[in-house]
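Undergrad: Next up, my_file-v1.csv (CSV, C-alpha atoms (C1' of nucleotides)).
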```csv
chain,number,residue,atom,x,y,z
A,1,MET,CA,-4.0,16.5,-0.3
A,2,LEU,CA,-1.7,15.8,-3.2
A,3,ARG,CA,-1.4,19.5,-3.9
A,4,ARG,CA,-0.1,20.0,-0.4
A,5,THR,CA,2.6,17.4,-0.9
A,6,PHE,CA,6.1,19.0,-1.0
A,7,GLN,CA,8.0,15.8,-0.3
A,8,LEU,CA,8.3,15.3,-4.0
A,9,ILE,CA,10.9,18.1,-4.0
A,10,PRO,CA,14.4,16.7,-3.8
A,11,GLY,CA,15.8,17.7,-0.4
A,12,VAL,CA,12.4,18.0,1.2
A,13,GLY,CA,11.3,15.4,3.7
A,14,PRO,CA,8.7,15.4,6.4
A,15,TRP,CA,10.2,18.2,8.4
A,16,LYS,CA,10.7,20.7,5.7
A,17,GLU,CA,7.2,20.0,4.4
A,18,LYS,CA,5.7,20.7,7.8
A,19,ASP,CA,7.8,23.8,8.0
A,20,LEU,CA,6.4,25.0,4.7
A,21,TRP,CA,2.8,24.4,5.8
A,22,ALA,CA,3.6,26.3,9.1
A,23,ARG,CA,4.8,29.3,7.0
A,24,GLY,CA,1.5,29.5,5.2
A,25,ILE,CA,2.7,27.7,2.0
A,26,HIS,CA,-0.2,25.2,2.1
A,27,THR,CA,-0.4,24.1,-1.5
A,28,TRP,CA,1.8,24.0,-4.7
A,29,ASP,CA,0.1,27.3,-5.7
A,30,ASP,CA,1.3,29.0,-2.5
A,31,PHE,CA,4.9,28.4,-3.4
A,32,PRO,CA,6.3,31.8,-4.5
A,33,ASP,CA,7.6,32.2,-8.0
A,34,ASN,CA,10.6,34.1,-6.8
A,35,GLY,CA,12.3,35.0,-3.6
A,36,SER,CA,14.0,32.7,-1.1
A,37,VAL,CA,12.0,29.9,0.4
A,38,LEU,CA,14.2,27.0,1.2
A,39,GLY,CA,17.4,28.6,0.0
A,40,GLN,CA,18.8,29.3,-3.5
A,41,LYS,CA,19.7,25.8,-4.6
A,42,LEU,CA,16.7,24.0,-3.2
A,43,ASP,CA,14.2,26.6,-4.5
A,44,GLU,CA,15.5,26.1,-8.0
A,45,GLY,CA,14.8,22.3,-7.9
A,46,ALA,CA,11.6,23.0,-6.1
A,47,ARG,CA,10.0,25.2,-8.8
A,48,ARG,CA,11.1,22.8,-11.5
A,49,ARG,CA,9.7,19.9,-9.7
A,50,LEU,CA,6.4,21.6,-8.8
A,51,ALA,CA,5.9,22.5,-12.4
A,52,LEU,CA,6.4,18.9,-13.4
A,53,ALA,CA,4.0,17.7,-10.7
A,54,ARG,CA,1.3,20.2,-11.8
A,55,GLU,CA,1.6,19.0,-15.4
A,56,ALA,CA,1.5,15.4,-14.4
A,57,LEU,CA,-1.7,16.0,-12.4
A,58,GLU,CA,-3.1,18.0,-15.3
A,59,ARG,CA,-2.6,14.9,-17.5
A,60,ARG,CA,-3.9,12.7,-14.7
A,61,ASP,CA,-0.5,10.9,-15.0
A,62,LEU,CA,-0.7,8.6,-12.0
A,63,LYS,CA,2.5,6.8,-12.9
A,64,GLY,CA,4.5,10.0,-13.1
A,65,LEU,CA,3.2,11.3,-9.8
A,66,ALA,CA,3.8,8.0,-8.1
A,67,ALA,CA,7.4,8.2,-9.2
A,68,MET,CA,7.8,11.6,-7.6
A,69,VAL,CA,6.1,11.0,-4.3
A,70,PRO,CA,8.0,8.8,-1.9
A,71,PRO,CA,6.3,5.4,-1.6
A,72,ARG,CA,5.3,5.8,2.0
A,73,GLU,CA,3.2,8.8,1.0
A,74,HIS,CA,1.4,7.2,-1.9
A,75,TRP,CA,-1.8,7.2,0.1
A,76,ARG,CA,-2.0,10.9,-0.7
A,77,LEU,CA,-2.8,10.0,-4.3
A,78,TYR,CA,-6.0,8.3,-3.3
A,79,PRO,CA,-8.8,10.9,-3.6
A,80,GLU,CA,-7.5,12.1,-7.0
A,81,PHE,CA,-7.5,8.6,-8.5
A,82,ALA,CA,-10.2,6.9,-6.4
A,83,ARG,CA,-12.2,6.1,-9.6
A,84,ASP,CA,-9.2,4.3,-11.1
A,85,ALA,CA,-8.8,2.1,-8.0
A,86,VAL,CA,-9.4,-1.7,-7.7
A,87,TYR,CA,-9.5,-3.3,-4.3
A,88,PHE,CA,-8.6,-6.9,-4.4
A,89,ASP,CA,-7.7,-9.9,-2.3
A,90,ILE,CA,-6.8,-13.5,-3.2
A,91,GLU,CA,-7.2,-16.9,-1.5
A,92,THR,CA,-4.8,-19.7,-2.3
A,93,ASP,CA,-4.6,-23.5,-2.0
A,94,GLY,CA,-2.2,-23.1,1.0
A,95,LYS,CA,0.4,-25.4,-0.7
A,96,GLN,CA,4.0,-24.6,-1.2
A,97,GLU,CA,3.5,-23.1,-4.7
A,98,GLN,CA,0.5,-21.0,-3.5
A,99,ALA,CA,-1.7,-21.2,-6.5
A,100,PRO,CA,-4.6,-18.7,-6.4
A,101,THR,CA,-8.0,-20.4,-5.9
A,102,VAL,CA,-10.4,-17.4,-5.6
A,103,VAL,CA,-9.7,-13.7,-6.4
A,104,ALA,CA,-12.2,-11.0,-5.6
A,105,LEU,CA,-12.1,-7.5,-7.3
A,106,PHE,CA,-14.1,-4.5,-6.2
A,107,ASP,CA,-14.0,-1.3,-8.3
A,108,ASP,CA,-16.3,1.4,-9.8
A,109,ALA,CA,-17.9,-1.3,-12.0
A,110,GLY,CA,-18.8,-3.4,-8.9
A,111,LEU,CA,-17.8,-6.8,-7.7
A,112,ARG,CA,-16.1,-9.6,-9.7
A,113,VAL,CA,-14.8,-13.0,-8.7
A,114,PHE,CA,-12.3,-15.2,-10.5
A,115,ILE,CA,-12.2,-18.9,-9.6
A,116,GLN,CA,-9.6,-21.6,-10.3
A,117,GLY,CA,-10.9,-24.0,-12.9
A,118,ARG,CA,-13.5,-21.6,-14.2
A,119,ASN,CA,-12.4,-18.1,-15.2
A,120,MET,CA,-9.1,-17.5,-13.5
A,121,ASP,CA,-7.4,-16.9,-16.8
A,122,GLU,CA,-9.4,-13.7,-17.3
A,123,LEU,CA,-7.9,-12.1,-14.1
A,124,PRO,CA,-4.8,-10.5,-15.6
A,125,GLU,CA,-6.9,-8.6,-18.2
A,126,ALA,CA,-9.3,-7.4,-15.5
A,127,MET,CA,-6.4,-6.2,-13.3
A,128,ALA,CA,-4.9,-4.3,-16.2
A,129,GLU,CA,-8.1,-2.2,-16.5
A,130,ARG,CA,-7.3,-0.4,-13.2
A,131,ARG,CA,-4.1,1.5,-12.7
A,132,LEU,CA,-4.4,2.0,-8.9
A,133,TRP,CA,-4.3,-1.1,-6.8
A,134,VAL,CA,-5.4,-1.2,-3.2
A,135,THR,CA,-4.6,-4.2,-1.0
A,136,PHE,CA,-3.8,-5.3,2.5
A,137,ASN,CA,-0.3,-6.8,2.5
A,138,GLY,CA,-0.7,-7.3,-1.2
A,139,SER,CA,2.8,-6.1,-2.0
A,140,CYS,CA,4.2,-8.9,0.0
A,141,PHE,CA,1.7,-11.6,-0.7
A,142,ASP,CA,-1.1,-11.2,-3.2
A,143,VAL,CA,1.0,-9.6,-6.0
A,144,PRO,CA,4.0,-11.9,-5.8
A,145,VAL,CA,1.8,-15.0,-5.7
A,146,LEU,CA,-0.1,-13.8,-8.8
A,147,ARG,CA,3.0,-12.8,-10.6
A,148,GLU,CA,4.5,-16.1,-9.9
A,149,TYR,CA,1.4,-17.9,-11.1
A,150,PHE,CA,0.7,-15.9,-14.3
A,151,GLY,CA,4.2,-15.0,-15.2
A,152,LYS,CA,4.9,-11.8,-17.1
A,153,ARG,CA,1.5,-11.6,-18.6
A,154,PHE,CA,0.4,-10.3,-15.2
A,155,PRO,CA,0.2,-6.5,-15.3
A,156,THR,CA,1.9,-3.9,-13.2
A,157,PRO,CA,-0.2,-1.0,-11.7
A,158,ASP,CA,0.8,2.7,-12.0
A,159,ALA,CA,0.5,2.8,-8.2
A,160,HIS,CA,-0.2,0.4,-5.4
A,161,ILE,CA,-1.4,1.4,-2.0
A,162,ASP,CA,-0.7,-1.3,0.6
A,163,LEU,CA,-3.0,-0.6,3.5
A,164,ARG,CA,-1.0,-2.7,5.8
A,165,PHE,CA,1.8,-0.1,5.9
A,166,VAL,CA,-0.6,2.9,5.8
A,167,CYS,CA,-2.3,1.6,8.9
A,168,ARG,CA,0.9,0.7,10.6
A,169,ARG,CA,2.1,4.2,10.3
A,170,LEU,CA,-1.1,5.4,11.9
A,171,GLY,CA,-0.3,3.2,14.9
A,172,MET,CA,-2.4,0.3,13.8
A,173,GLY,CA,-0.4,-2.9,13.5
A,174,GLY,CA,-1.9,-6.4,13.2
A,175,GLY,CA,-4.0,-8.1,10.6
A,176,LEU,CA,-6.8,-6.9,8.5
A,177,LYS,CA,-9.6,-8.2,10.7
A,178,GLU,CA,-8.0,-6.8,13.8
A,179,ILE,CA,-7.8,-3.3,12.3
A,180,GLU,CA,-11.4,-3.5,11.0
A,181,ASP,CA,-12.6,-4.2,14.5
A,182,LYS,CA,-10.5,-1.3,15.9
A,183,LEU,CA,-12.1,1.1,13.4
A,184,GLY,CA,-15.6,-0.2,13.9
A,185,LEU,CA,-15.8,-1.8,10.5
A,186,GLY,CA,-16.6,-5.3,11.9
A,187,ARG,CA,-18.3,-8.0,9.8
A,188,PRO,CA,-21.6,-9.6,10.3
A,189,PRO,CA,-21.8,-12.7,12.6
A,190,HIS,CA,-21.6,-15.3,9.9
A,191,MET,CA,-18.4,-13.7,8.5
A,192,LYS,CA,-16.8,-13.1,11.9
A,193,GLY,CA,-13.9,-15.3,12.9
A,194,VAL,CA,-13.3,-16.7,9.4
A,195,ASN,CA,-9.7,-16.4,8.4
A,196,GLY,CA,-7.3,-17.2,5.6
A,197,TRP,CA,-6.7,-20.8,6.7
A,198,ASP,CA,-10.4,-21.4,6.7
A,199,ALA,CA,-10.3,-20.3,3.1
A,200,VAL,CA,-7.8,-23.0,2.3
A,201,LEU,CA,-10.0,-25.6,4.1
A,202,LEU,CA,-13.1,-24.5,2.3
A,203,TRP,CA,-11.4,-24.8,-1.1
A,204,ARG,CA,-10.1,-28.3,-0.2
A,205,ALA,CA,-13.6,-29.3,0.8
A,206,TYR,CA,-15.0,-28.0,-2.4
A,207,LEU,CA,-12.4,-29.8,-4.5
A,208,ALA,CA,-12.7,-33.1,-2.7
A,209,ARG,CA,-16.4,-33.4,-2.6
A,210,GLY,CA,-17.7,-31.0,-5.2
A,211,ASP,CA,-19.2,-29.1,-2.3
A,212,VAL,CA,-20.6,-25.9,-4.0
A,213,GLU,CA,-21.8,-24.6,-0.6
A,214,ALA,CA,-18.2,-24.6,0.6
A,215,LEU,CA,-17.2,-22.7,-2.5
A,216,ARG,CA,-20.0,-20.2,-2.0
A,217,PHE,CA,-18.9,-19.5,1.5
A,218,LEU,CA,-15.3,-19.1,0.4
A,219,VAL,CA,-16.3,-16.7,-2.3
A,220,GLU,CA,-18.5,-14.7,0.1
A,221,TYR,CA,-15.6,-14.4,2.5
A,222,ASN,CA,-13.2,-13.4,-0.3
A,223,LEU,CA,-15.7,-10.7,-1.6
A,224,TYR,CA,-15.9,-9.3,1.9
A,225,ASP,CA,-12.1,-9.0,2.1
A,226,SER,CA,-12.2,-7.0,-1.2
A,227,PHE,CA,-14.8,-4.4,-0.4
A,228,GLN,CA,-13.9,-4.0,3.3
A,229,LEU,CA,-10.6,-2.6,1.8
A,230,ARG,CA,-12.6,0.2,0.4
A,231,SER,CA,-13.9,1.3,3.8
A,232,LEU,CA,-10.5,0.8,5.3
A,233,MET,CA,-8.9,3.0,2.6
A,234,ASP,CA,-11.4,5.7,3.3
A,235,LYS,CA,-11.0,5.6,7.0
A,236,ALA,CA,-7.2,5.4,6.9
A,237,TYR,CA,-7.0,8.3,4.5
A,238,ASN,CA,-9.2,10.5,6.8
A,239,ARG,CA,-7.1,9.4,9.8
A,240,ALA,CA,-3.9,10.3,8.1
A,241,LEU,CA,-5.2,13.8,7.6
A,242,ASP,CA,-6.1,13.9,11.3
A,243,ASP,CA,-2.6,12.8,12.1
A,244,LEU,CA,-1.2,15.7,10.2
A,245,ASN,CA,-3.6,18.1,11.8
A,246,LEU,CA,-4.9,19.2,8.4
A,247,ASP,CA,-8.4,20.2,9.7
A,248,ALA,CA,-9.3,22.1,6.5
A,249,GLU,CA,-8.4,19.3,4.1
A,250,PRO,CA,-11.6,17.6,2.9
A,251,ARG,CA,-12.3,14.1,4.2
A,252,VAL,CA,-13.6,11.4,2.0
A,253,PRO,CA,-16.9,9.7,2.7
A,254,VAL,CA,-16.5,6.3,4.2
A,255,PHE,CA,-17.9,3.5,2.0
A,256,GLU,CA,-20.8,1.6,3.5
A,257,ARG,CA,-20.9,-2.1,2.5
A,258,GLY,CA,-24.7,-2.1,2.5
A,259,GLU,CA,-24.5,-0.8,-1.1
A,260,VAL,CA,-23.0,-4.1,-2.4
A,261,LEU,CA,-24.5,-6.7,-0.2
A,262,TYR,CA,-27.2,-7.5,-2.8
A,263,ASP,CA,-24.6,-8.0,-5.4
A,264,VAL,CA,-22.7,-10.4,-3.0
A,265,SER,CA,-25.8,-12.5,-2.6
A,266,ARG,CA,-26.4,-12.5,-6.4
A,267,LEU,CA,-22.9,-13.5,-7.2
A,268,ILE,CA,-22.8,-16.4,-4.8
A,269,MET,CA,-26.2,-17.7,-5.8
A,270,GLU,CA,-25.1,-17.7,-9.4
A,271,LEU,CA,-22.4,-20.2,-8.6
A,272,GLY,CA,-23.4,-23.6,-9.7
A,273,PRO,CA,-21.4,-26.8,-10.0
A,274,THR,CA,-19.1,-27.2,-13.0
A,275,GLN,CA,-19.0,-30.5,-15.1
A,276,ARG,CA,-16.0,-31.4,-13.1
A,277,ASP,CA,-17.8,-30.7,-9.8
A,278,LEU,CA,-20.7,-33.0,-10.9
A,279,ARG,CA,-18.3,-35.8,-11.7
A,280,VAL,CA,-16.6,-35.4,-8.2
A,281,LEU,CA,-20.1,-35.4,-6.7
A,282,GLU,CA,-21.0,-38.6,-8.6
A,283,ARG,CA,-17.7,-40.2,-7.4
A,284,VAL,CA,-18.2,-39.4,-3.7
A,285,ARG,CA,-21.8,-40.6,-3.9
A,286,ALA,CA,-20.6,-43.9,-5.4
A,287,GLN,CA,-18.0,-44.2,-2.6
A,288,ASP,CA,-20.7,-43.6,-0.1
A,289,ARG,CA,-23.0,-46.3,-1.6
A,290,ASP,CA,-20.1,-48.8,-1.5
A,291,LEU,CA,-19.5,-48.0,2.1
A,292,HIS,CA,-23.1,-48.6,3.2
A,293,GLN,CA,-23.8,-51.6,0.9
A,294,ASP,CA,-23.3,-54.3,3.6
B,1,DT,C1',33.1,36.6,0.8
B,2,DG,C1',34.6,32.5,3.2
B,3,DC,C1',34.4,29.3,7.0
B,4,DG,C1',32.3,26.0,10.2
B,5,DA,C1',28.4,24.4,12.7
B,6,DG,C1',24.2,22.3,12.6
B,7,DC,C1',20.2,20.6,10.6
B,8,DG,C1',17.6,17.4,7.7
B,9,DT,C1',17.7,14.2,3.9
B,10,DA,C1',19.2,10.1,1.7
B,11,DG,C1',21.4,5.6,1.6
B,12,DA,C1',22.6,1.3,3.6
B,13,DT,C1',21.7,-2.5,6.8
B,14,DC,C1',18.8,-5.2,10.0
B,15,DG,C1',14.9,-7.3,12.0
B,16,DC,C1',10.1,-7.5,12.2
B,17,DT,C1',5.7,-8.6,10.3
B,18,DA,C1',1.3,-10.2,7.8
B,19,DC,C1',-0.6,-12.8,4.0
B,20,DG,C1',-3.3,-18.3,3.1
C,1,DC,C1',7.0,-21.4,4.5
C,2,DG,C1',8.7,-17.0,1.1
C,3,DT,C1',8.1,-12.3,0.2
C,4,DA,C1',8.9,-7.4,0.5
C,5,DG,C1',8.1,-3.0,2.7
C,6,DC,C1',9.1,-0.2,6.5
C,7,DG,C1',10.8,1.7,11.0
C,8,DA,C1',14.8,2.0,13.6
C,9,DT,C1',19.5,3.0,13.6
C,10,DC,C1',23.6,4.7,11.9
C,11,DT,C1',26.5,7.2,8.6
C,12,DA,C1',27.4,10.4,5.1
C,13,DC,C1',26.5,14.2,2.6
C,14,DG,C1',24.6,18.7,0.9
C,15,DC,C1',22.7,22.7,1.9
C,16,DT,C1',21.8,26.9,4.6
C,17,DC,C1',22.8,30.3,7.6
C,18,DG,C1',25.2,32.8,11.1
C,19,DC,C1',29.2,35.2,11.9
C,20,DA,C1',33.0,38.2,11.0
```
Let's see the structure in the file written out as structure tokens.
TA:
Amino acid sequence: MLRRTFQLIPGVGPWKEKDLWARGIHTWDDFPDNGSVLGQKLDEGARRRLALAREALERRDLKGLAAMVPPREHWRLYPEFARDAVYFDIETDGKQEQAPTVVALFDDAGLRVFIQGRNMDELPEAMAERRLWVTFNGSCFDVPVLREYFGKRFPTPDAHIDLRFVCRRLGMGGGLKEIEDKLGLGRPPHMKGVNGWDAVLLWRAYLARGDVEALRFLVEYNLYDSFQLRSLMDKAYNRALDDLNLDAEPRVPVFERGEVLYDVSRLIMELGPTQRDLRVLERVRAQDRDLHQD
DNA sequence: TGCGAGCGTAGATCGCTACG
DNA sequence: CGTAGCGATCTACGCTCGCA
């Protein structure tokens, strides 16, 4: 799809791009080396720009390509750089300062989770490993929160596909769960109807009582958010091709979460109480004993 | 070749929205 | 609540092309 993108030419927007396609110029390689296509002046810039784009793709220079393609079309970069992608989602404490409590990452290497008070400090390094970030509303929420929290040691990706805006352009507004349902990507019963505020409550329950079960549920929810993004990205990409009537353009296979459910179970079962959790547990037990003494 | 009309892109502003 | 991206809307500009 990237090689069909002509909107990276200055002076070419959606209309002229469609026009090029209609005239049989389907990919960069179809653009004639000489002769008038868009007019003298534009052709000059076009050939220069297409050469740059080809070189950038040759080098697998995501940053360079992302700078050429208008942001709203960044979804077109997806198939070429899918192996460099990380899908992630954060939960926060719901306070004014919005400190992250749990962060789930899903990429080629599998699932990872970062938890406040345990390994949250390792998150920036893990994020830096992947140059394409995929989120839902992450450009407005997740990334600003993390940047605020970690400061400038938090990395910047070469490109960031925010599925909220990709979906909206495909006529699907609303939240992540709503869109999942619309696309038949619903969650199993025990994960249905859980939302971001529940995540705040689960964290508070865990903190207040050392309730590891609450943490496990929270982490499971968070992990679901991360890998559901992968299926959503696949479906949204395919839909965007439908929208452009690009029947010949190859679709991507839609990720099935079955592949990772074992890892989800393993990750949440591995979660035990920390020393701090055990102290909290001891304290609330003592309080309980006091309460029932007389 | 030179002019003006018309198209489409780009910039600027505003209000809406989804996140926990 | 704060954040930030985008569509809608409007304006301005650049370019192409038709016409003589």
Undergrad: List the residues sitting within 8 Å of (21.6, -2.8, 13.7) in the file's frame, using all atoms listed in the file, as a list in words.
TA: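 The requested residues, written out, are DT13 and DC14 of chain B; DT9 and DC10 of chain C.
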Undergrad: Select from chain A every residue with an atom at most 12 Å from any atom of chain B, then for each give the shortest pair of atoms and their distance in Å to one decimal, using all atoms listed in the file, rows by chain and rising number, as a Markdown table.
TA:
```
| residue | atom | partner | partner_atom | distance |
| --- | --- | --- | --- | --- |
| A:Gln7 | CA | B:DT9 | C1' | 10.7 |
| A:Ile9 | CA | B:DT9 | C1' | 11.1 |
| A:Pro10 | CA | B:DT9 | C1' | 8.7 |
| A:Gly11 | CA | B:DT9 | C1' | 5.9 |
| A:Val12 | CA | B:DT9 | C1' | 7.1 |
| A:Gly13 | CA | B:DT9 | C1' | 6.5 |
| A:Pro14 | CA | B:DG8 | C1' | 9.2 |
| A:Trp15 | CA | B:DG8 | C1' | 7.5 |
| A:Lys16 | CA | B:DG8 | C1' | 7.9 |
| A:Glu17 | CA | B:DG8 | C1' | 11.2 |
| A:Asp19 | CA | B:DG8 | C1' | 11.7 |
| A:Pro70 | CA | B:DA10 | C1' | 11.8 |
| A:Asp89 | CA | B:DC19 | C1' | 9.9 |
| A:Ile90 | CA | B:DG20 | C1' | 8.7 |
| A:Glu91 | CA | B:DG20 | C1' | 6.2 |
| A:Thr92 | CA | B:DG20 | C1' | 5.8 |
| A:Asp93 | CA | B:DG20 | C1' | 7.4 |
| A:Gly94 | CA | B:DG20 | C1' | 5.4 |
| A:Lys95 | CA | B:DG20 | C1' | 8.9 |
| A:Gln96 | CA | B:DG20 | C1' | 10.6 |
| A:Glu97 | CA | B:DG20 | C1' | 11.4 |
| A:Gln98 | CA | B:DG20 | C1' | 8.1 |
| A:Ala99 | CA | B:DG20 | C1' | 10.2 |
| A:Pro100 | CA | B:DG20 | C1' | 9.6 |
| A:Thr101 | CA | B:DG20 | C1' | 10.4 |
| A:Val102 | CA | B:DG20 | C1' | 11.3 |
| A:Thr135 | CA | B:DC19 | C1' | 10.7 |
| A:Phe136 | CA | B:DC19 | C1' | 8.3 |
| A:Asn137 | CA | B:DC19 | C1' | 6.2 |
| A:Gly138 | CA | B:DC19 | C1' | 7.6 |
| A:Ser139 | CA | B:DC19 | C1' | 9.6 |
| A:Cys140 | CA | B:DC19 | C1' | 7.4 |
| A:Phe141 | CA | B:DC19 | C1' | 5.4 |
| A:Asp142 | CA | B:DC19 | C1' | 7.4 |
| A:Val143 | CA | B:DC19 | C1' | 10.6 |
| A:Pro144 | CA | B:DC19 | C1' | 10.9 |
| A:Val145 | CA | B:DC19 | C1' | 10.2 |
| A:Asp162 | CA | B:DA18 | C1' | 11.6 |
| A:Leu163 | CA | B:DA18 | C1' | 11.4 |
| A:Arg164 | CA | B:DA18 | C1' | 8.1 |
| A:Phe165 | CA | B:DA18 | C1' | 10.3 |
| A:Arg168 | CA | B:DT17 | C1' | 10.5 |
| A:Gly173 | CA | B:DT17 | C1' | 8.9 |
| A:Gly174 | CA | B:DA18 | C1' | 7.3 |
| A:Gly175 | CA | B:DA18 | C1' | 6.4 |
| A:Leu176 | CA | B:DA18 | C1' | 8.8 |
| A:Lys177 | CA | B:DA18 | C1' | 11.5 |
| A:Glu178 | CA | B:DA18 | C1' | 11.6 |
| A:Val194 | CA | B:DG20 | C1' | 11.9 |
| A:Asn195 | CA | B:DG20 | C1' | 8.5 |
| A:Gly196 | CA | B:DG20 | C1' | 4.8 |
| A:Trp197 | CA | B:DG20 | C1' | 5.5 |
| A:Asp198 | CA | B:DG20 | C1' | 8.5 |
| A:Ala199 | CA | B:DG20 | C1' | 7.3 |
| A:Val200 | CA | B:DG20 | C1' | 6.6 |
| A:Leu201 | CA | B:DG20 | C1' | 10.0 |
| A:Leu202 | CA | B:DG20 | C1' | 11.6 |
| A:Trp203 | CA | B:DG20 | C1' | 11.2 |
| A:Asn222 | CA | B:DG20 | C1' | 11.6 |
```
Undergrad: If we draw a sphere of 8 Å around (-0.4, 4.0, -1.3), which residues have at least one atom in it when counting all atoms listed in the file? Please report them as number ranges by chain.
TA: A: 71-78, 134, 159-163, 166
Undergrad: Could you tell me how far CA of Lys192 (chain A) lies from CA of Asn238 (chain A), in Å and to one decimal?
TA: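 That distance, rounded to one decimal, is 25.3 Å.
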Undergrad: Residues of chain C no more than 10 Å from chain A, counting only C-alpha atoms (C1' of nucleotides): send them over as a list of chain:residue names.
TA: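 Listed by rising number, the hits are C:DC1, C:DG2, C:DT3, C:DA4, C:DG5, C:DC6, C:DG7, C:DG14, C:DC15, C:DT16, C:DC17.
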Undergrad: Keeping only C-alpha atoms (C1' of nucleotides), write the selected residues as an mmCIF file, in the coordinates of the input.
TA:
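Saved the output as again_6.cif:
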```cif
data_model
loop_
_atom_site.group_PDB
_atom_site.id
_atom_site.type_symbol
_atom_site.label_atom_id
_atom_site.label_comp_id
_atom_site.auth_asym_id
_atom_site.auth_seq_id
_atom_site.Cartn_x
_atom_site.Cartn_y
_atom_site.Cartn_z
ATOM 1 C "C1'" DC C 1 7.000 -21.400 4.500
ATOM 2 C "C1'" DG C 2 8.700 -17.000 1.100
ATOM 3 C "C1'" DT C 3 8.100 -12.300 0.200
ATOM 4 C "C1'" DA C 4 8.900 -7.400 0.500
ATOM 5 C "C1'" DG C 5 8.100 -3.000 2.700
ATOM 6 C "C1'" DC C 6 9.100 -0.200 6.500
ATOM 7 C "C1'" DG C 7 10.800 1.700 11.000
ATOM 8 C "C1'" DG C 14 24.600 18.700 0.900
ATOM 9 C "C1'" DC C 15 22.700 22.700 1.900
ATOM 10 C "C1'" DT C 16 21.800 26.900 4.600
ATOM 11 C "C1'" DC C 17 22.800 30.300 7.600
#
```
Undergrad: In Å to one decimal, how far is CA of Arg59 (chain A) from CA of Asp247 (chain A)?
TA: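 Between CA of Asp247 (chain A) and CA of Arg59 (chain A) the gap works out to 28.3 Å.
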Undergrad: Could you state the separation of CA of Asp108 (chain A) and CA of Phe255 (chain A) in Å, given to one decimal place?
TA: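 Answer for the CA of Asp108 (chain A) to CA of Phe255 (chain A) separation: 12.1 Å.
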Undergrad: In terms of the shortest atom-to-atom distance over all atoms listed in the file, which of A:Arg48, A:Arg204, A:Lys235, A:His292 is closest to Pro253 (chain A)?
TA: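 Looking only at the distances to Pro253 (chain A), the closest residue turns out to be A:Lys235.
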